[in-house]
Structure formats: C-alpha cells, structure tokens
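Colleague: I'm passing along input15.pdb; it holds PDB, N, CA, C and O atoms, pLDDT in the B column.
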ATOM      1  N   MET X   1      72.852  60.892 149.110  1.00 51.00           N
ATOM      2  CA  MET X   1      73.416  60.411 150.359  1.00 51.00           C
ATOM      3  C   MET X   1      74.930  60.622 150.332  1.00 51.00           C
ATOM      4  O   MET X   1      75.600  60.369 149.340  1.00 51.00           O
ATOM      5  N   ALA X   2      75.463  61.086 151.419  1.00 55.00           N
ATOM      6  CA  ALA X   2      76.901  61.310 151.520  1.00 55.00           C
ATOM      7  C   ALA X   2      77.623  59.973 151.576  1.00 55.00           C
ATOM      8  O   ALA X   2      77.089  58.970 152.027  1.00 55.00           O
ATOM      9  N   GLY X   3      78.866  59.987 151.121  1.00 61.00           N
ATOM     10  CA  GLY X   3      79.683  58.782 151.163  1.00 61.00           C
ATOM     11  C   GLY X   3      80.922  59.021 151.994  1.00 61.00           C
ATOM     12  O   GLY X   3      81.137  60.099 152.554  1.00 61.00           O
ATOM     13  N   PHE X   4      81.755  58.000 152.064  1.00 66.00           N
ATOM     14  CA  PHE X   4      82.967  58.110 152.874  1.00 66.00           C
ATOM     15  C   PHE X   4      83.920  59.176 152.352  1.00 66.00           C
ATOM     16  O   PHE X   4      84.757  59.666 153.097  1.00 66.00           O
ATOM     17  N   ASP X   5      83.820  59.555 151.074  1.00 79.00           N
ATOM     18  CA  ASP X   5      84.679  60.612 150.545  1.00 79.00           C
ATOM     19  C   ASP X   5      84.396  61.953 151.217  1.00 79.00           C
ATOM     20  O   ASP X   5      85.237  62.848 151.192  1.00 79.00           O
ATOM     21  N   ASP X   6      83.211  62.087 151.791  1.00 90.00           N
ATOM     22  CA  ASP X   6      82.805  63.338 152.450  1.00 90.00           C
ATOM     23  C   ASP X   6      83.126  63.350 153.934  1.00 90.00           C
ATOM     24  O   ASP X   6      82.765  64.280 154.636  1.00 90.00           O
ATOM     25  N   ILE X   7      83.791  62.309 154.422  1.00 95.00           N
ATOM     26  CA  ILE X   7      84.044  62.152 155.854  1.00 95.00           C
ATOM     27  C   ILE X   7      85.538  62.142 156.129  1.00 95.00           C
ATOM     28  O   ILE X   7      86.299  61.491 155.424  1.00 95.00           O
ATOM     29  N   THR X   8      85.940  62.872 157.180  1.00 96.00           N
ATOM     30  CA  THR X   8      87.336  62.904 157.611  1.00 96.00           C
ATOM     31  C   THR X   8      87.407  62.428 159.056  1.00 96.00           C
ATOM     32  O   THR X   8      86.670  62.919 159.907  1.00 96.00           O
ATOM     33  N   VAL X   9      88.294  61.468 159.302  1.00 97.00           N
ATOM     34  CA  VAL X   9      88.496  60.948 160.657  1.00 97.00           C
ATOM     35  C   VAL X   9      89.964  61.124 161.012  1.00 97.00           C
ATOM     36  O   VAL X   9      90.846  60.741 160.239  1.00 97.00           O
ATOM     37  N   THR X  10      90.219  61.751 162.168  1.00 97.00           N
ATOM     38  CA  THR X  10      91.601  61.922 162.633  1.00 97.00           C
ATOM     39  C   THR X  10      91.696  61.460 164.085  1.00 97.00           C
ATOM     40  O   THR X  10      90.722  61.490 164.827  1.00 97.00           O
ATOM     41  N   ARG X  11      92.902  61.038 164.447  1.00 97.00           N
ATOM     42  CA  ARG X  11      93.181  60.625 165.824  1.00 97.00           C
ATOM     43  C   ARG X  11      94.238  61.559 166.375  1.00 97.00           C
ATOM     44  O   ARG X  11      95.290  61.737 165.756  1.00 97.00           O
ATOM     45  N   SER X  12      93.961  62.116 167.546  1.00 92.00           N
ATOM     46  CA  SER X  12      94.892  63.061 168.149  1.00 92.00           C
ATOM     47  C   SER X  12      94.653  63.138 169.645  1.00 92.00           C
ATOM     48  O   SER X  12      93.502  63.245 170.085  1.00 92.00           O
ATOM     49  N   ASP X  13      95.726  63.080 170.412  1.00 92.00           N
ATOM     50  CA  ASP X  13      95.642  63.243 171.870  1.00 92.00           C
ATOM     51  C   ASP X  13      94.629  62.321 172.520  1.00 92.00           C
ATOM     52  O   ASP X  13      93.879  62.719 173.417  1.00 92.00           O
ATOM     53  N   GLY X  14      94.561  61.075 172.043  1.00 92.00           N
ATOM     54  CA  GLY X  14      93.641  60.116 172.640  1.00 92.00           C
ATOM     55  C   GLY X  14      92.187  60.344 172.295  1.00 92.00           C
ATOM     56  O   GLY X  14      91.295  59.804 172.943  1.00 92.00           O
ATOM     57  N   ARG X  15      91.960  61.166 171.300  1.00 97.00           N
ATOM     58  CA  ARG X  15      90.593  61.476 170.896  1.00 97.00           C
ATOM     59  C   ARG X  15      90.420  61.151 169.418  1.00 97.00           C
ATOM     60  O   ARG X  15      91.372  61.208 168.634  1.00 97.00           O
ATOM     61  N   LEU X  16      89.221  60.833 169.034  1.00 98.00           N
ATOM     62  CA  LEU X  16      88.858  60.578 167.651  1.00 98.00           C
ATOM     63  C   LEU X  16      88.007  61.748 167.194  1.00 98.00           C
ATOM     64  O   LEU X  16      87.026  62.099 167.860  1.00 98.00           O
ATOM     65  N   LYS X  17      88.375  62.362 166.077  1.00 98.00           N
ATOM     66  CA  LYS X  17      87.614  63.498 165.559  1.00 98.00           C
ATOM     67  C   LYS X  17      87.034  63.129 164.208  1.00 98.00           C
ATOM     68  O   LYS X  17      87.724  62.589 163.352  1.00 98.00           O
ATOM     69  N   VAL X  18      85.751  63.432 164.044  1.00 98.00           N
ATOM     70  CA  VAL X  18      85.034  63.077 162.827  1.00 98.00           C
ATOM     71  C   VAL X  18      84.367  64.323 162.260  1.00 98.00           C
ATOM     72  O   VAL X  18      83.609  64.998 162.956  1.00 98.00           O
ATOM     73  N   LYS X  19      84.660  64.587 160.990  1.00 97.00           N
ATOM     74  CA  LYS X  19      83.968  65.654 160.268  1.00 97.00           C
ATOM     75  C   LYS X  19      83.159  64.977 159.181  1.00 97.00           C
ATOM     76  O   LYS X  19      83.709  64.272 158.330  1.00 97.00           O
ATOM     77  N   ALA X  20      81.845  65.135 159.238  1.00 95.00           N
ATOM     78  CA  ALA X  20      80.951  64.459 158.304  1.00 95.00           C
ATOM     79  C   ALA X  20      79.751  65.358 158.018  1.00 95.00           C
ATOM     80  O   ALA X  20      79.403  66.212 158.834  1.00 95.00           O
ATOM     81  N   PRO X  21      79.120  65.162 156.873  1.00 94.00           N
ATOM     82  CA  PRO X  21      77.894  65.914 156.593  1.00 94.00           C
ATOM     83  C   PRO X  21      76.841  65.639 157.664  1.00 94.00           C
ATOM     84  O   PRO X  21      76.845  64.568 158.286  1.00 94.00           O
ATOM     85  N   TYR X  22      75.934  66.579 157.831  1.00 94.00           N
ATOM     86  CA  TYR X  22      74.901  66.407 158.852  1.00 94.00           C
ATOM     87  C   TYR X  22      74.005  65.219 158.527  1.00 94.00           C
ATOM     88  O   TYR X  22      73.529  65.058 157.398  1.00 94.00           O
ATOM     89  N   ASN X  23      73.774  64.400 159.520  1.00 96.00           N
ATOM     90  CA  ASN X  23      72.839  63.293 159.445  1.00 96.00           C
ATOM     91  C   ASN X  23      72.235  63.172 160.841  1.00 96.00           C
ATOM     92  O   ASN X  23      72.951  62.903 161.804  1.00 96.00           O
ATOM     93  N   PRO X  24      70.927  63.390 160.968  1.00 97.00           N
ATOM     94  CA  PRO X  24      70.325  63.390 162.310  1.00 97.00           C
ATOM     95  C   PRO X  24      70.469  62.056 163.045  1.00 97.00           C
ATOM     96  O   PRO X  24      70.593  62.038 164.263  1.00 97.00           O
ATOM     97  N   LEU X  25      70.474  60.952 162.318  1.00 97.00           N
ATOM     98  CA  LEU X  25      70.629  59.655 162.975  1.00 97.00           C
ATOM     99  C   LEU X  25      72.060  59.466 163.478  1.00 97.00           C
ATOM    100  O   LEU X  25      72.270  58.952 164.581  1.00 97.00           O
ATOM    101  N   PHE X  26      73.037  59.922 162.698  1.00 97.00           N
ATOM    102  CA  PHE X  26      74.423  59.852 163.158  1.00 97.00           C
ATOM    103  C   PHE X  26      74.624  60.788 164.349  1.00 97.00           C
ATOM    104  O   PHE X  26      75.307  60.443 165.306  1.00 97.00           O
ATOM    105  N   ALA X  27      74.006  61.956 164.314  1.00 98.00           N
ATOM    106  CA  ALA X  27      74.127  62.907 165.423  1.00 98.00           C
ATOM    107  C   ALA X  27      73.555  62.298 166.710  1.00 98.00           C
ATOM    108  O   ALA X  27      74.166  62.394 167.776  1.00 98.00           O
ATOM    109  N   ARG X  28      72.429  61.637 166.608  1.00 98.00           N
ATOM    110  CA  ARG X  28      71.811  61.011 167.783  1.00 98.00           C
ATOM    111  C   ARG X  28      72.725  59.908 168.341  1.00 98.00           C
ATOM    112  O   ARG X  28      72.946  59.818 169.543  1.00 98.00           O
ATOM    113  N   ARG X  29      73.254  59.081 167.442  1.00 98.00           N
ATOM    114  CA  ARG X  29      74.147  57.999 167.883  1.00 98.00           C
ATOM    115  C   ARG X  29      75.432  58.570 168.467  1.00 98.00           C
ATOM    116  O   ARG X  29      75.963  58.057 169.457  1.00 98.00           O
ATOM    117  N   SER X  30      75.941  59.640 167.883  1.00 98.00           N
ATOM    118  CA  SER X  30      77.166  60.274 168.373  1.00 98.00           C
ATOM    119  C   SER X  30      76.994  60.771 169.798  1.00 98.00           C
ATOM    120  O   SER X  30      77.866  60.572 170.648  1.00 98.00           O
ATOM    121  N   ARG X  31      75.870  61.395 170.075  1.00 98.00           N
ATOM    122  CA  ARG X  31      75.598  61.854 171.440  1.00 98.00           C
ATOM    123  C   ARG X  31      75.498  60.662 172.392  1.00 98.00           C
ATOM    124  O   ARG X  31      76.003  60.712 173.516  1.00 98.00           O
ATOM    125  N   ALA X  32      74.860  59.583 171.941  1.00 98.00           N
ATOM    126  CA  ALA X  32      74.724  58.391 172.779  1.00 98.00           C
ATOM    127  C   ALA X  32      76.086  57.764 173.092  1.00 98.00           C
ATOM    128  O   ALA X  32      76.255  57.151 174.141  1.00 98.00           O
ATOM    129  N   LEU X  33      77.054  57.953 172.190  1.00 98.00           N
ATOM    130  CA  LEU X  33      78.402  57.424 172.406  1.00 98.00           C
ATOM    131  C   LEU X  33      79.285  58.377 173.204  1.00 98.00           C
ATOM    132  O   LEU X  33      80.464  58.125 173.387  1.00 98.00           O
ATOM    133  N   GLY X  34      78.708  59.486 173.668  1.00 98.00           N
ATOM    134  CA  GLY X  34      79.468  60.449 174.456  1.00 98.00           C
ATOM    135  C   GLY X  34      80.205  61.468 173.617  1.00 98.00           C
ATOM    136  O   GLY X  34      81.053  62.196 174.122  1.00 98.00           O
ATOM    137  N   GLY X  35      79.880  61.525 172.330  1.00 98.00           N
ATOM    138  CA  GLY X  35      80.529  62.490 171.445  1.00 98.00           C
ATOM    139  C   GLY X  35      80.076  63.904 171.733  1.00 98.00           C
ATOM    140  O   GLY X  35      78.958  64.136 172.196  1.00 98.00           O
ATOM    141  N   THR X  36      80.973  64.844 171.462  1.00 98.00           N
ATOM    142  CA  THR X  36      80.634  66.254 171.587  1.00 98.00           C
ATOM    143  C   THR X  36      80.841  66.913 170.228  1.00 98.00           C
ATOM    144  O   THR X  36      81.774  66.578 169.498  1.00 98.00           O
ATOM    145  N   PHE X  37      79.962  67.841 169.900  1.00 98.00           N
ATOM    146  CA  PHE X  37      80.022  68.508 168.606  1.00 98.00           C
ATOM    147  C   PHE X  37      80.556  69.920 168.778  1.00 98.00           C
ATOM    148  O   PHE X  37      80.096  70.667 169.633  1.00 98.00           O
ATOM    149  N   ASP X  38      81.549  70.262 167.966  1.00 97.00           N
ATOM    150  CA  ASP X  38      82.100  71.616 167.955  1.00 97.00           C
ATOM    151  C   ASP X  38      81.512  72.339 166.744  1.00 97.00           C
ATOM    152  O   ASP X  38      81.838  72.008 165.600  1.00 97.00           O
ATOM    153  N   ASP X  39      80.647  73.302 167.009  1.00 95.00           N
ATOM    154  CA  ASP X  39      79.944  74.005 165.940  1.00 95.00           C
ATOM    155  C   ASP X  39      80.897  74.791 165.040  1.00 95.00           C
ATOM    156  O   ASP X  39      80.675  74.898 163.841  1.00 95.00           O
ATOM    157  N   LYS X  40      81.953  75.319 165.620  1.00 96.00           N
ATOM    158  CA  LYS X  40      82.892  76.134 164.841  1.00 96.00           C
ATOM    159  C   LYS X  40      83.615  75.300 163.781  1.00 96.00           C
ATOM    160  O   LYS X  40      83.685  75.677 162.618  1.00 96.00           O
ATOM    161  N   SER X  41      84.139  74.143 164.188  1.00 95.00           N
ATOM    162  CA  SER X  41      84.886  73.304 163.247  1.00 95.00           C
ATOM    163  C   SER X  41      84.001  72.257 162.570  1.00 95.00           C
ATOM    164  O   SER X  41      84.454  71.542 161.678  1.00 95.00           O
ATOM    165  N   LYS X  42      82.736  72.141 163.037  1.00 95.00           N
ATOM    166  CA  LYS X  42      81.789  71.161 162.503  1.00 95.00           C
ATOM    167  C   LYS X  42      82.320  69.735 162.631  1.00 95.00           C
ATOM    168  O   LYS X  42      82.183  68.911 161.733  1.00 95.00           O
ATOM    169  N   THR X  43      82.917  69.437 163.782  1.00 97.00           N
ATOM    170  CA  THR X  43      83.459  68.100 164.014  1.00 97.00           C
ATOM    171  C   THR X  43      82.901  67.496 165.305  1.00 97.00           C
ATOM    172  O   THR X  43      82.599  68.209 166.256  1.00 97.00           O
ATOM    173  N   TRP X  44      82.791  66.181 165.288  1.00 98.00           N
ATOM    174  CA  TRP X  44      82.453  65.405 166.473  1.00 98.00           C
ATOM    175  C   TRP X  44      83.743  64.910 167.084  1.00 98.00           C
ATOM    176  O   TRP X  44      84.664  64.513 166.364  1.00 98.00           O
ATOM    177  N   THR X  45      83.819  64.913 168.417  1.00 98.00           N
ATOM    178  CA  THR X  45      84.986  64.391 169.122  1.00 98.00           C
ATOM    179  C   THR X  45      84.528  63.283 170.065  1.00 98.00           C
ATOM    180  O   THR X  45      83.540  63.434 170.786  1.00 98.00           O
ATOM    181  N   PHE X  46      85.286  62.175 170.022  1.00 98.00           N
ATOM    182  CA  PHE X  46      84.951  60.993 170.806  1.00 98.00           C
ATOM    183  C   PHE X  46      86.173  60.505 171.570  1.00 98.00           C
ATOM    184  O   PHE X  46      87.310  60.706 171.139  1.00 98.00           O
ATOM    185  N   ASP X  47      85.919  59.793 172.644  1.00 97.00           N
ATOM    186  CA  ASP X  47      86.967  59.070 173.341  1.00 97.00           C
ATOM    187  C   ASP X  47      87.363  57.889 172.451  1.00 97.00           C
ATOM    188  O   ASP X  47      86.508  57.265 171.819  1.00 97.00           O
ATOM    189  N   MET X  48      88.652  57.571 172.398  1.00 97.00           N
ATOM    190  CA  MET X  48      89.130  56.484 171.554  1.00 97.00           C
ATOM    191  C   MET X  48      88.525  55.130 171.936  1.00 97.00           C
ATOM    192  O   MET X  48      88.486  54.211 171.122  1.00 97.00           O
ATOM    193  N   ARG X  49      88.044  55.010 173.159  1.00 97.00           N
ATOM    194  CA  ARG X  49      87.462  53.732 173.591  1.00 97.00           C
ATOM    195  C   ARG X  49      86.213  53.348 172.804  1.00 97.00           C
ATOM    196  O   ARG X  49      85.822  52.186 172.793  1.00 97.00           O
ATOM    197  N   VAL X  50      85.581  54.311 172.138  1.00 98.00           N
ATOM    198  CA  VAL X  50      84.379  54.002 171.354  1.00 98.00           C
ATOM    199  C   VAL X  50      84.664  54.039 169.847  1.00 98.00           C
ATOM    200  O   VAL X  50      83.734  54.077 169.036  1.00 98.00           O
ATOM    201  N   GLU X  51      85.931  53.989 169.487  1.00 97.00           N
ATOM    202  CA  GLU X  51      86.308  54.083 168.064  1.00 97.00           C
ATOM    203  C   GLU X  51      85.554  53.075 167.194  1.00 97.00           C
ATOM    204  O   GLU X  51      84.992  53.427 166.158  1.00 97.00           O
ATOM    205  N   ARG X  52      85.545  51.822 167.587  1.00 98.00           N
ATOM    206  CA  ARG X  52      84.874  50.795 166.785  1.00 98.00           C
ATOM    207  C   ARG X  52      83.397  51.125 166.600  1.00 98.00           C
ATOM    208  O   ARG X  52      82.845  50.998 165.497  1.00 98.00           O
ATOM    209  N   LEU X  53      82.749  51.596 167.649  1.00 98.00           N
ATOM    210  CA  LEU X  53      81.333  51.942 167.577  1.00 98.00           C
ATOM    211  C   LEU X  53      81.087  53.155 166.686  1.00 98.00           C
ATOM    212  O   LEU X  53      80.072  53.225 165.980  1.00 98.00           O
ATOM    213  N   VAL X  54      82.019  54.098 166.691  1.00 98.00           N
ATOM    214  CA  VAL X  54      81.900  55.270 165.816  1.00 98.00           C
ATOM    215  C   VAL X  54      81.984  54.829 164.357  1.00 98.00           C
ATOM    216  O   VAL X  54      81.170  55.247 163.518  1.00 98.00           O
ATOM    217  N   PHE X  55      82.940  53.957 164.039  1.00 97.00           N
ATOM    218  CA  PHE X  55      83.061  53.481 162.664  1.00 97.00           C
ATOM    219  C   PHE X  55      81.842  52.660 162.245  1.00 97.00           C
ATOM    220  O   PHE X  55      81.414  52.739 161.086  1.00 97.00           O
ATOM    221  N   GLU X  56      81.276  51.918 163.168  1.00 97.00           N
ATOM    222  CA  GLU X  56      80.045  51.190 162.858  1.00 97.00           C
ATOM    223  C   GLU X  56      78.917  52.158 162.526  1.00 97.00           C
ATOM    224  O   GLU X  56      78.128  51.932 161.595  1.00 97.00           O
ATOM    225  N   ALA X  57      78.824  53.252 163.283  1.00 97.00           N
ATOM    226  CA  ALA X  57      77.790  54.258 163.032  1.00 97.00           C
ATOM    227  C   ALA X  57      78.030  54.956 161.689  1.00 97.00           C
ATOM    228  O   ALA X  57      77.077  55.191 160.932  1.00 97.00           O
ATOM    229  N   LEU X  58      79.286  55.264 161.391  1.00 96.00           N
ATOM    230  CA  LEU X  58      79.590  55.882 160.091  1.00 96.00           C
ATOM    231  C   LEU X  58      79.177  54.955 158.956  1.00 96.00           C
ATOM    232  O   LEU X  58      78.579  55.394 157.961  1.00 96.00           O
ATOM    233  N   ASP X  59      79.493  53.688 159.084  1.00 94.00           N
ATOM    234  CA  ASP X  59      79.141  52.712 158.054  1.00 94.00           C
ATOM    235  C   ASP X  59      77.624  52.591 157.908  1.00 94.00           C
ATOM    236  O   ASP X  59      77.093  52.506 156.799  1.00 94.00           O
ATOM    237  N   LYS X  60      76.924  52.626 159.017  1.00 95.00           N
ATOM    238  CA  LYS X  60      75.468  52.469 158.995  1.00 95.00           C
ATOM    239  C   LYS X  60      74.744  53.685 158.408  1.00 95.00           C
ATOM    240  O   LYS X  60      73.803  53.549 157.628  1.00 95.00           O
ATOM    241  N   TYR X  61      75.201  54.888 158.776  1.00 94.00           N
ATOM    242  CA  TYR X  61      74.461  56.097 158.410  1.00 94.00           C
ATOM    243  C   TYR X  61      74.992  56.824 157.180  1.00 94.00           C
ATOM    244  O   TYR X  61      74.349  57.743 156.687  1.00 94.00           O
ATOM    245  N   PHE X  62      76.144  56.408 156.679  1.00 91.00           N
ATOM    246  CA  PHE X  62      76.669  57.048 155.470  1.00 91.00           C
ATOM    247  C   PHE X  62      76.977  56.021 154.407  1.00 91.00           C
ATOM    248  O   PHE X  62      77.234  56.229 153.313  1.00 91.00           O
TER     249      PHE X  62
END
Spell out the structure here as structure tokens.
Modeller:
Amino acid sequence: MAGFDDITVTRSDGRLKVKAPYNPLFARRSRALGGTFDDKSKTWTFDMRVERLVFEALDKYF
C-alpha cells in the first residue's frame, strides 16, 4: 500500500494539485469531488474549496 511519502500536494492559482499512486477508490472519490485528472502529468486538480475533503480521501485511501 502506498503511503504519504508517495504523494505530492501543491497549491497554485487557487487550485490544489495531487500526485499520488493509482488507487481506484481515490480516483472515484476525486471525480465525485469535481477533480480532474491530467494523464500527462499524472495529477489530480481540485478547487481549493474541497481541500479538506481531498485530504480526508488521501488519509482514507492511502
């Protein structure tokens, strides 16, 4: 199982970007939170308004 050492979270331009190993449950939750996945950079991008929920999902699935 991946841990937090494998995850990078950055904040930029009012957006939260998350790079994490693939996890289908995290991917499903990310889409439900309005996240978009960039295949090229392998990162999820979220509106900052859901930051707390994103961190809850990271804690739950990783």
Colleague: Evaluate the PyMOL selection byres (((chain X and resi 44 and name CA) around 10) and name CA) against this structure - the residues, as a PyMOL selection string, please.
Modeller: chain X and resi 9+16-20+27+30-31+34-39+41-43+45-46
Colleague: I'd like to know which of X:Asn23, X:Arg28, X:Asp5, X:Gly14 is closest to X:Val50, using all atoms listed in the file.
Modeller: X:Gly14
Colleague: Mind pulling up the distance from atom O of X:Phe26 to atom CA of X:Ser12?
Modeller: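 Between these atoms lies a distance of 20.0 Å.
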Colleague: DSSP on the backbone, then: every residue of chain X marked helix (DSSP H, G or I), written as a PyMOL selection string.
Modeller: chain X and resi 4-6+24-32+48-61
Colleague: Hey, can you spit out that residue selection with N, CA, C and O atoms as a short mmCIF file (atom, residue, chain, number, x, y, z; two decimals), keeping the file's coordinate frame?
Modeller:
data_model
loop_
_atom_site.label_atom_id
_atom_site.label_comp_id
_atom_site.auth_asym_id
_atom_site.auth_seq_id
_atom_site.Cartn_x
_atom_site.Cartn_y
_atom_site.Cartn_z
N PHE X 4 81.76 58.00 152.06
CA PHE X 4 82.97 58.11 152.87
C PHE X 4 83.92 59.18 152.35
O PHE X 4 84.76 59.67 153.10
N ASP X 5 83.82 59.56 151.07
CA ASP X 5 84.68 60.61 150.54
C ASP X 5 84.40 61.95 151.22
O ASP X 5 85.24 62.85 151.19
N ASP X 6 83.21 62.09 151.79
CA ASP X 6 82.80 63.34 152.45
C ASP X 6 83.13 63.35 153.93
O ASP X 6 82.76 64.28 154.64
N PRO X 24 70.93 63.39 160.97
CA PRO X 24 70.32 63.39 162.31
C PRO X 24 70.47 62.06 163.04
O PRO X 24 70.59 62.04 164.26
N LEU X 25 70.47 60.95 162.32
CA LEU X 25 70.63 59.66 162.98
C LEU X 25 72.06 59.47 163.48
O LEU X 25 72.27 58.95 164.58
N PHE X 26 73.04 59.92 162.70
CA PHE X 26 74.42 59.85 163.16
C PHE X 26 74.62 60.79 164.35
O PHE X 26 75.31 60.44 165.31
N ALA X 27 74.01 61.96 164.31
CA ALA X 27 74.13 62.91 165.42
C ALA X 27 73.56 62.30 166.71
O ALA X 27 74.17 62.39 167.78
N ARG X 28 72.43 61.64 166.61
CA ARG X 28 71.81 61.01 167.78
C ARG X 28 72.72 59.91 168.34
O ARG X 28 72.95 59.82 169.54
N ARG X 29 73.25 59.08 167.44
CA ARG X 29 74.15 58.00 167.88
C ARG X 29 75.43 58.57 168.47
O ARG X 29 75.96 58.06 169.46
N SER X 30 75.94 59.64 167.88
CA SER X 30 77.17 60.27 168.37
C SER X 30 76.99 60.77 169.80
O SER X 30 77.87 60.57 170.65
N ARG X 31 75.87 61.40 170.08
CA ARG X 31 75.60 61.85 171.44
C ARG X 31 75.50 60.66 172.39
O ARG X 31 76.00 60.71 173.52
N ALA X 32 74.86 59.58 171.94
CA ALA X 32 74.72 58.39 172.78
C ALA X 32 76.09 57.76 173.09
O ALA X 32 76.26 57.15 174.14
N MET X 48 88.65 57.57 172.40
CA MET X 48 89.13 56.48 171.55
C MET X 48 88.52 55.13 171.94
O MET X 48 88.49 54.21 171.12
N ARG X 49 88.04 55.01 173.16
CA ARG X 49 87.46 53.73 173.59
C ARG X 49 86.21 53.35 172.80
O ARG X 49 85.82 52.19 172.79
N VAL X 50 85.58 54.31 172.14
CA VAL X 50 84.38 54.00 171.35
C VAL X 50 84.66 54.04 169.85
O VAL X 50 83.73 54.08 169.04
N GLU X 51 85.93 53.99 169.49
CA GLU X 51 86.31 54.08 168.06
C GLU X 51 85.55 53.08 167.19
O GLU X 51 84.99 53.43 166.16
N ARG X 52 85.54 51.82 167.59
CA ARG X 52 84.87 50.80 166.78
C ARG X 52 83.40 51.12 166.60
O ARG X 52 82.84 51.00 165.50
N LEU X 53 82.75 51.60 167.65
CA LEU X 53 81.33 51.94 167.58
C LEU X 53 81.09 53.16 166.69
O LEU X 53 80.07 53.22 165.98
N VAL X 54 82.02 54.10 166.69
CA VAL X 54 81.90 55.27 165.82
C VAL X 54 81.98 54.83 164.36
O VAL X 54 81.17 55.25 163.52
N PHE X 55 82.94 53.96 164.04
CA PHE X 55 83.06 53.48 162.66
C PHE X 55 81.84 52.66 162.24
O PHE X 55 81.41 52.74 161.09
N GLU X 56 81.28 51.92 163.17
CA GLU X 56 80.04 51.19 162.86
C GLU X 56 78.92 52.16 162.53
O GLU X 56 78.13 51.93 161.60
N ALA X 57 78.82 53.25 163.28
CA ALA X 57 77.79 54.26 163.03
C ALA X 57 78.03 54.96 161.69
O ALA X 57 77.08 55.19 160.93
N LEU X 58 79.29 55.26 161.39
CA LEU X 58 79.59 55.88 160.09
C LEU X 58 79.18 54.96 158.96
O LEU X 58 78.58 55.39 157.96
N ASP X 59 79.49 53.69 159.08
CA ASP X 59 79.14 52.71 158.05
C ASP X 59 77.62 52.59 157.91
O ASP X 59 77.09 52.51 156.80
N LYS X 60 76.92 52.63 159.02
CA LYS X 60 75.47 52.47 159.00
C LYS X 60 74.74 53.68 158.41
O LYS X 60 73.80 53.55 157.63
N TYR X 61 75.20 54.89 158.78
CA TYR X 61 74.46 56.10 158.41
C TYR X 61 74.99 56.82 157.18
O TYR X 61 74.35 57.74 156.69
#
Colleague: Have a look at atom C of X:Ala32 and atom N of X:Asp6 and let me know their distance in Å, one decimal.
Modeller: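 Answer for the atom C of X:Ala32 to atom N of X:Asp6 separation: 22.9 Å.
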Colleague: Is it possible to get the axis-aligned box enclosing stretch 31-45 of chain X (all listed atoms, 5 Å extra per side) as JSON, with centre and edge lengths in Å rounded to one decimal?
Modeller:
{"center_x": 79.9, "center_y": 66.6, "center_z": 168.1, "size_x": 20.3, "size_y": 29.0, "size_z": 22.8}
Colleague: Could you tell me how far atom C of X:Asp47 sits from atom O of X:Pro24, in Å to one decimal place?
Modeller: 19.1 Å
Colleague: Pick out the closest residue to X:Tyr61 from this set: X:Arg15, X:Thr8, X:Arg49, X:Pro21. Count all atoms listed in the file.
Modeller: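 Using all atoms listed in the file, X:Tyr61 sits closest to X:Pro21.
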Colleague: Go through X:Leu33, X:Met48, X:Lys40, X:Leu25 one by one, measure the shortest atom-to-atom distance of each to X:Arg11 using only C-alpha atoms, and give the residue with the smallest value.
Modeller: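 Smallest distance to X:Arg11 is found for X:Met48.
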